[in-house]
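Engineer: Just dropping this structure here.
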Amino acid sequence: MENIPKFHPNSKLKLMDQVKEVLRYHHYAYRTEQTYCQWILRYIRYFGGKTHPKLLGEKNIEAFLSHLATEGKVTASTQRQALNAIVFLYKQVLDIHLEAKIAPARSKRVTSPPTVMTQVEVQRLLSVIEGKPALMAKLIYGSGMRLMECIRLRVQDIDFGQNLIFVRGGKGGKDRTTILPRNLHDEMLKQIAAVKSLHHKELEEGFGEVYIPEALDRKYPKASKSTNWQWVFPAKRRSIDPRSGKEMRHHVLESVLQKAVKRATEQAKIDKKVGCHTLRHSFATHILERGVNIRVLQELLGHADVKTTEIYTHVMARDIRNLQSPLDVLLDASK
């Protein structure tokens, strides 16, 4: 795991409250907080629910993770997620260094090529999807963002002058830059104008605050009510923020786009298993087919390893008719 600066939670709090305190100190996303807490609770309950994790060790962790693989039949990524949560508990919350290497029975890793739509299929899909989900779908296909990266966009993340989108806190907590399609300028400007109008109305009503990381909130107390920090795709209604207890407007739920894409796939009669991530896969494949360097694509997608990006080379359409044999090149040069 990455080297995270040490923070000691309040020892007077209950264990799970300590876990939440540390997660929030390090600005983990609320979804990650929920996931980590769920895995830690499952780990504790696996051993009866009464034994404190301090009294458990590497062999117990191995037993739990092996159970997930052999009995639970979880995927390799799910097993790794559980391991990360438990290691976080020991290292960051309990301040216990795990001496031995944890080597559980491994979940079987299944790798399959990503589902990719043709450009004609993408056009058919985008032609039947409507409203705000249509703009979000175009944005994902046009920029290669992940679903959660798209719905977590803030007004300040869009740079119309340079045709750029700044992705903050992407997978692995990394920031990166990707492209803003020029054909979406007008729609995005209209969407942001609507956001600004809504924000102005909410401020007049005594609201207008959005969630920002606690450290930034302490440093810039007025930032949470500024226009720049507003979500590009806000939810229809305000709700109570589970961390602060304040009433504020969150971003739109991911299920809004997921359901819209599913409906559009059926309407467009596309006989493939299409989801929001398929739009990202299609972006990557189509941009490679246009000759973009794979290292550039790696940066646009935010992949830590180029091997992850290379999977798209296996599904891109190749036309070998215009390729020259090295023998022809050699003989033509000698003429």
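Chain labels run A, B, ... following the order of the structure tokens; each chain numbers its residues from 1, and ligands are numbered from 1 in the order shown.
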Can you tell me which residues surround Glu62 (chain A) at a distance of at most 10 Å, considering only C-alpha atoms, apart from same-chain residues fewer than 3 positions away, and format the answer as number ranges by chain?
Structural biologist: A: 57-59, 65-68, 83, 101-105
Engineer: Apply DSSP to the backbone of this structure and, from region 73-169 of chain A, keep only the residues in strand (DSSP E); write these as a list in words.
Structural biologist: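 Matching residues for strand (DSSP E) in region 73-169 of chain A are Ile158, Asp159, Leu164, Ile165, Phe166 and Val167 of chain A.
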Engineer: Identify, with DSSP run on backbone atoms, the residues in region 72-315 of chain A assigned to alpha helix (DSSP H), and express the list as an NGL selection string.
Structural biologist: :A and (76-88 or 119-128 or 131-143 or 147-151 or 185-204 or 214-219 or 254-267 or 276-289 or 294-301 or 306-309)
Engineer: Tell me which of A:Val128, A:Met145, A:Ile212, A:Leu180 sits closest to Glu266 (chain A), counting only C-alpha atoms.
Structural biologist: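 When distances to Glu266 (chain A) are compared using only C-alpha atoms, the smallest one comes from A:Val128.
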Engineer: Go through A:Ile61, A:Val261, A:Ser197, A:Phe207 and flag the residue nearest Gly131 (chain A), using only C-alpha atoms for the distances.
Structural biologist: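 Distance minimum relative to Gly131 (chain A) lands on A:Val261.
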Engineer: So that each row is one residue of region 64-181 of chain A with an atom at most 8 Å from region 19-33 of chain A, can you give its shortest atom pair and the distance in Å to one decimal, using only C-alpha atoms, rows by chain and rising number, as CSV?
Structural biologist:
```
residue,atom,partner,partner_atom,distance
A:Leu89,CA,A:Val19,CA,6.9
A:Gln92,CA,A:Val22,CA,7.3
A:Val93,CA,A:Val19,CA,6.1
```
Engineer: For those residues, write N, CA and C atoms to a file as a tab-separated table (two decimals), in the first residue's frame.
Structural biologist:
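Saved result, result17.tsv, follows:
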```
chain	number	residue	atom	x	y	z
A	89	LEU	N	-7.05	-1.10	8.34
A	89	LEU	CA	-7.46	-1.20	9.74
A	89	LEU	C	-6.24	-1.39	10.65
A	92	GLN	N	-3.29	1.75	9.77
A	92	GLN	CA	-3.65	3.16	9.95
A	92	GLN	C	-4.51	3.43	11.18
A	93	VAL	N	-5.29	2.44	11.62
A	93	VAL	CA	-6.18	2.66	12.76
A	93	VAL	C	-5.59	2.06	14.04
```
Engineer: Mind pulling up the distance from CA of Tyr43 (chain A) to CA of Arg80 (chain A)?
Structural biologist: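 Pair CA of Arg80 (chain A) / CA of Tyr43 (chain A) returns 13.6 Å.
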Engineer: Hey, can you check how far CA of Leu153 (chain A) sits from CA of Ser127 (chain A)?
Structural biologist: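 Atom-to-atom, CA of Leu153 (chain A) to CA of Ser127 (chain A), that is 23.6 Å.
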Engineer: Go through A:Leu198, A:Val296, A:Leu203, A:Ala235 one by one, measure the shortest atom-to-atom distance of each to Val256 (chain A) using only C-alpha atoms, and give the residue with the smallest value.
Structural biologist: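 Using only C-alpha atoms, Val256 (chain A) sits closest to A:Ala235.
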